[in-house]
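query-v6.cif follows; it contains mmCIF, C-alpha atoms.
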data_query
loop_
_atom_site.label_atom_id
_atom_site.label_comp_id
_atom_site.auth_asym_id
_atom_site.auth_seq_id
_atom_site.Cartn_x
_atom_site.Cartn_y
_atom_site.Cartn_z
CA MET A 1 75.85 155.40 64.45
CA ALA A 2 77.63 155.58 67.64
CA ASP A 3 80.06 152.88 68.55
CA LYS A 4 78.85 150.99 71.48
CA ALA A 5 81.45 150.88 74.17
CA LYS A 6 82.43 147.35 74.80
CA ALA A 7 82.38 146.36 78.41
CA PRO A 8 85.57 144.67 79.54
CA ALA A 9 85.19 140.92 79.63
CA LYS A 10 85.08 139.50 83.09
CA ASP A 11 87.84 137.09 83.94
CA LYS A 12 86.42 133.72 84.68
CA SER A 13 87.93 131.93 87.60
CA LYS A 14 88.57 128.21 87.79
CA ASP A 15 85.44 127.75 89.88
CA ASP A 16 83.21 129.23 87.15
CA ALA A 17 84.55 126.94 84.44
CA PRO A 18 82.51 123.84 83.66
CA PRO A 19 84.03 120.61 84.97
CA LYS A 20 86.28 118.69 82.62
CA ARG A 21 84.76 115.67 80.98
CA LEU A 22 86.85 112.55 81.02
CA ASN A 23 84.99 110.73 78.23
CA ARG A 24 85.60 107.45 80.00
CA THR A 25 84.23 105.52 82.91
CA VAL A 26 85.78 106.42 86.22
CA GLY A 27 86.09 104.29 89.33
CA VAL A 28 84.52 105.38 92.57
CA ALA A 29 87.93 105.95 94.19
CA GLU A 30 89.03 108.30 91.42
CA ALA A 31 85.73 110.18 91.39
CA LEU A 32 85.77 110.65 95.17
CA GLY A 33 89.42 111.59 95.07
CA ARG A 34 88.72 114.42 92.67
CA ALA A 35 85.99 115.67 94.99
CA LEU A 36 87.97 115.26 98.21
CA ASP A 37 91.38 116.56 97.11
CA PRO A 38 90.49 120.29 97.25
CA ALA A 39 88.99 119.91 100.73
CA LEU A 40 92.02 117.98 101.96
CA LYS A 41 94.42 120.54 100.50
CA LYS A 42 92.67 123.23 102.55
CA ARG A 43 93.40 121.14 105.65
CA GLY A 44 97.12 120.93 104.73
CA PHE A 45 97.22 117.42 103.27
CA ALA A 46 99.06 117.18 99.94
CA SER A 47 97.31 113.92 99.17
CA ARG A 48 94.73 111.69 100.80
CA ASP A 49 97.28 109.03 101.85
CA ILE A 50 97.26 109.85 105.55
CA VAL A 51 93.46 109.94 105.75
CA ALA A 52 92.88 106.89 103.55
CA ASN A 53 95.56 104.69 105.15
CA TRP A 54 95.25 105.87 108.74
CA ALA A 55 94.23 102.45 110.06
CA ALA A 56 97.36 100.89 108.53
CA MET A 57 99.88 103.48 109.70
CA ALA A 58 98.74 104.48 113.18
CA PRO A 59 99.69 102.26 116.12
CA ALA A 60 96.98 100.51 118.12
CA PRO A 61 94.68 101.75 119.74
CA TYR A 62 95.09 105.12 118.00
CA ASP A 63 94.14 103.65 114.64
CA LYS A 64 90.56 103.32 115.91
CA VAL A 65 90.16 106.23 118.36
CA THR A 66 91.81 109.05 116.38
CA ARG A 67 91.48 110.63 112.94
CA PRO A 68 93.78 113.06 111.14
CA ASP A 69 92.24 116.51 111.14
CA LYS A 70 94.86 118.93 109.83
CA LEU A 71 98.52 119.08 108.83
CA SER A 72 100.31 122.37 109.59
CA TRP A 73 103.66 123.20 108.08
CA PRO A 74 105.83 125.67 109.99
CA ARG A 75 107.27 128.51 107.95
CA GLY A 76 110.94 129.07 107.33
CA GLU A 77 113.69 126.70 108.37
CA LYS A 78 111.47 125.00 110.93
CA GLY A 79 109.69 123.30 108.01
CA ALA A 80 112.61 120.88 107.72
CA GLU A 81 111.74 119.49 111.16
CA GLY A 82 108.41 118.11 109.97
CA ALA A 83 104.81 119.18 110.08
CA ILE A 84 102.42 119.31 113.01
CA LEU A 85 99.65 116.72 112.68
CA HIS A 86 96.44 117.66 114.47
CA LEU A 87 94.36 114.64 115.43
CA SER A 88 90.75 114.55 116.54
CA CYS A 89 90.67 112.03 119.36
CA HIS A 90 88.11 110.20 121.45
CA PRO A 91 88.02 112.01 124.83
CA GLY A 92 88.94 108.89 126.78
CA HIS A 93 92.24 108.55 124.91
CA ALA A 94 93.27 112.21 124.76
CA LEU A 95 95.62 112.12 127.75
CA ALA A 96 97.37 108.98 126.53
CA LEU A 97 97.75 110.47 123.06
CA GLN A 98 99.41 113.57 124.50
CA HIS A 99 102.02 111.35 126.12
CA GLU A 100 102.47 109.02 123.16
CA GLY A 101 102.34 111.62 120.39
CA GLN A 102 105.95 110.98 119.41
CA ARG A 103 105.18 107.26 119.00
CA VAL A 104 102.34 108.10 116.60
CA ALA A 105 104.58 110.52 114.68
CA SER A 106 107.30 107.85 114.40
CA ALA A 107 104.79 105.32 113.07
CA ILE A 108 103.61 107.76 110.39
CA ASN A 109 107.18 108.64 109.40
CA ARG A 110 108.05 104.93 109.25
CA TYR A 111 105.06 104.32 106.97
CA PHE A 112 106.14 107.01 104.51
CA GLY A 113 109.87 106.38 104.85
CA TYR A 114 110.82 110.00 105.49
CA LEU A 115 110.27 112.74 108.06
CA LEU A 116 106.77 114.05 107.49
CA VAL A 117 105.37 114.60 111.00
CA GLY A 118 107.45 116.27 113.67
CA GLN A 119 104.77 116.68 116.32
CA VAL A 120 101.30 115.39 117.08
CA ARG A 121 98.77 117.66 118.75
CA LEU A 122 95.16 117.29 119.71
CA SER A 123 92.52 119.00 117.62
CA ALA A 124 89.46 120.69 119.08
CA THR A 125 87.26 118.90 116.55
CA PRO A 126 84.88 116.48 118.31
CA PHE A 127 85.30 112.77 117.65
CA ALA A 128 82.77 109.97 117.78
CA ILE A 129 83.57 106.30 117.39
CA GLU A 130 81.40 104.79 114.71
CA ALA A 131 79.45 101.92 116.19
CA ALA A 132 78.99 98.91 113.98
CA ALA A 133 75.42 98.45 112.84
CA PRO A 134 73.78 95.60 114.73
CA GLU A 135 73.13 92.59 112.60
CA THR A 136 69.44 92.05 112.07
CA VAL A 137 68.06 88.55 112.38
CA PRO A 138 65.19 87.84 110.01
CA ALA A 139 62.02 86.54 111.64
CA LEU A 140 61.00 82.98 110.88
CA PRO A 141 57.44 82.14 109.86
CA ASP A 142 55.36 80.43 112.56
CA VAL A 143 55.03 77.32 110.39
CA THR A 144 58.80 76.87 110.28
CA ARG A 145 59.16 77.44 114.04
CA ALA A 146 56.44 74.84 114.74
CA ARG A 147 58.09 72.29 112.42
CA ILE A 148 61.48 72.74 114.12
CA GLY A 149 59.80 72.49 117.56
CA ARG A 150 58.15 69.16 116.62
CA VAL A 151 61.46 67.70 115.44
CA VAL A 152 63.41 68.59 118.59
CA GLU A 153 60.67 67.88 121.18
CA ARG A 154 61.75 64.21 121.46
CA VAL A 155 65.16 65.18 122.86
CA GLU A 156 65.20 64.62 126.63
CA ASP A 157 67.98 66.98 127.72
CA PRO A 158 66.59 70.58 127.80
CA GLY A 159 70.01 72.17 127.05
CA VAL A 160 70.58 69.99 124.01
CA ARG A 161 66.97 70.51 122.90
CA GLU A 162 67.37 74.31 123.03
CA ALA A 163 70.73 74.14 121.19
CA LEU A 164 69.16 72.01 118.45
CA ARG A 165 66.21 74.42 118.21
CA GLU A 166 68.59 77.37 117.74
CA LEU A 167 70.61 75.40 115.17
CA GLY A 168 67.48 74.52 113.21
CA GLN A 169 66.29 78.13 113.25
CA ALA A 170 69.71 79.38 112.10
CA MET A 171 69.71 76.90 109.23
CA ALA A 172 66.18 77.95 108.23
CA ARG A 173 67.21 81.64 108.26
CA LYS A 174 70.21 80.85 106.08
CA LYS A 175 67.92 79.15 103.54
CA MET A 176 65.69 82.25 103.52
CA ARG A 177 68.58 84.46 102.38
#
Taking this structure as input, can you express it in the form of structure tokens?
Amino acid sequence: MADKAKAPAKDKSKDDAPPKRLNRTVGVAEALGRALDPALKKRGFASRDIVANWAAMAPAPYDKVTRPDKLSWPRGEKGAEGAILHLSCHPGHALALQHEGQRVASAINRYFGYLLVGQVRLSATPFAIEAAAPETVPALPDVTRARIGRVVERVEDPGVREALRELGQAMARKKMR
């Protein structure tokens, strides 16, 4: 019998390994954090603090019209001067952000309590302000509308009558919920 030559075992990388089981329930924040941390590390963020707390640390109006995109650390001794924070910005605020970049950097450094950001630059990544979803008003049944109309029809002043009609309809919608 001939000895079968054993093929060298392939080294398994971290990505090939099955995910670790925690054997406990995990909160949404922790589960998302484990999923987001590798992507944020590729963008230069050591943790998700800047992204998660951006609204608290950035000065107005930049807390709503900008988002952190990337954090670049200069090599060598320049690294002691702080990182370069690239922000994706709404086009209407880009010029103002270029002039007030140092103010944004100071606010971030003040939030952390140490020099983290030395410069703020604009990113080429497009930015879109998220519009709040319009609140939907549930439709009232015709029977309810007719009942409210009969109650308020005796009011002489048309402005007061219309205000009472709207109030009655709002109260009926609230009961429906």
(message) When you count all atoms listed in the file, which of these residues is closest to Ala94 in chain A: A:Arg43, A:Arg24, A:Lys70, A:Arg121?
(response) A:Arg121
Find the smallest box with edges along x, y and z containing every listed atom of range 62-75 of chain A, then add 4 Å on each side and report centre and edge lengths in Å to one decimal, as JSON.
{"center_x": 98.7, "center_y": 115.9, "center_z": 113.2, "size_x": 25.1, "size_y": 33.2, "size_z": 18.4}
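Among A:Ala172, A:Ala29, A:Ala56, A:Val104, the residue with the shortest atom-to-atom distance to Pro141 in chain A, counting only C-alpha atoms, is A:Ala172.
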(request) Would you mind telling me which residue in A:Lys175, A:Arg161, A:Lys64, A:Arg48 lies nearest to His93 in chain A when using only C-alpha atoms? (result) A:Lys64
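Coordinates place CA of Asp69 in chain A at a distance of 7.7 Å from CA of Thr125 in chain A.
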(message) Here's the selection I'm unsure about, the PyMOL selection byres ((chain A and resi 90) around 8); applied to the file above, which residues does it give, as a PyMOL selection string?
(response) chain A and resi 65-66+88-89+91-94+126-129
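If you look at CA of Ala39 in chain A and CA of Ala58 in chain A, they are 22.1 Å away from each other.
In this model, the gap between CA of Ala107 in chain A and CA of Ser123 in chain A comes to 18.9 Å.
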(request) Using the chain letters and numbers from the file, give me the residues hit by the PyMOL selection byres ((chain A and resi 115-117) around 6), as a list in words. (result) Gly82, Ala83, Ile84, Ala105, Asn109, Tyr114, Gly118 and Gln119 of chain A
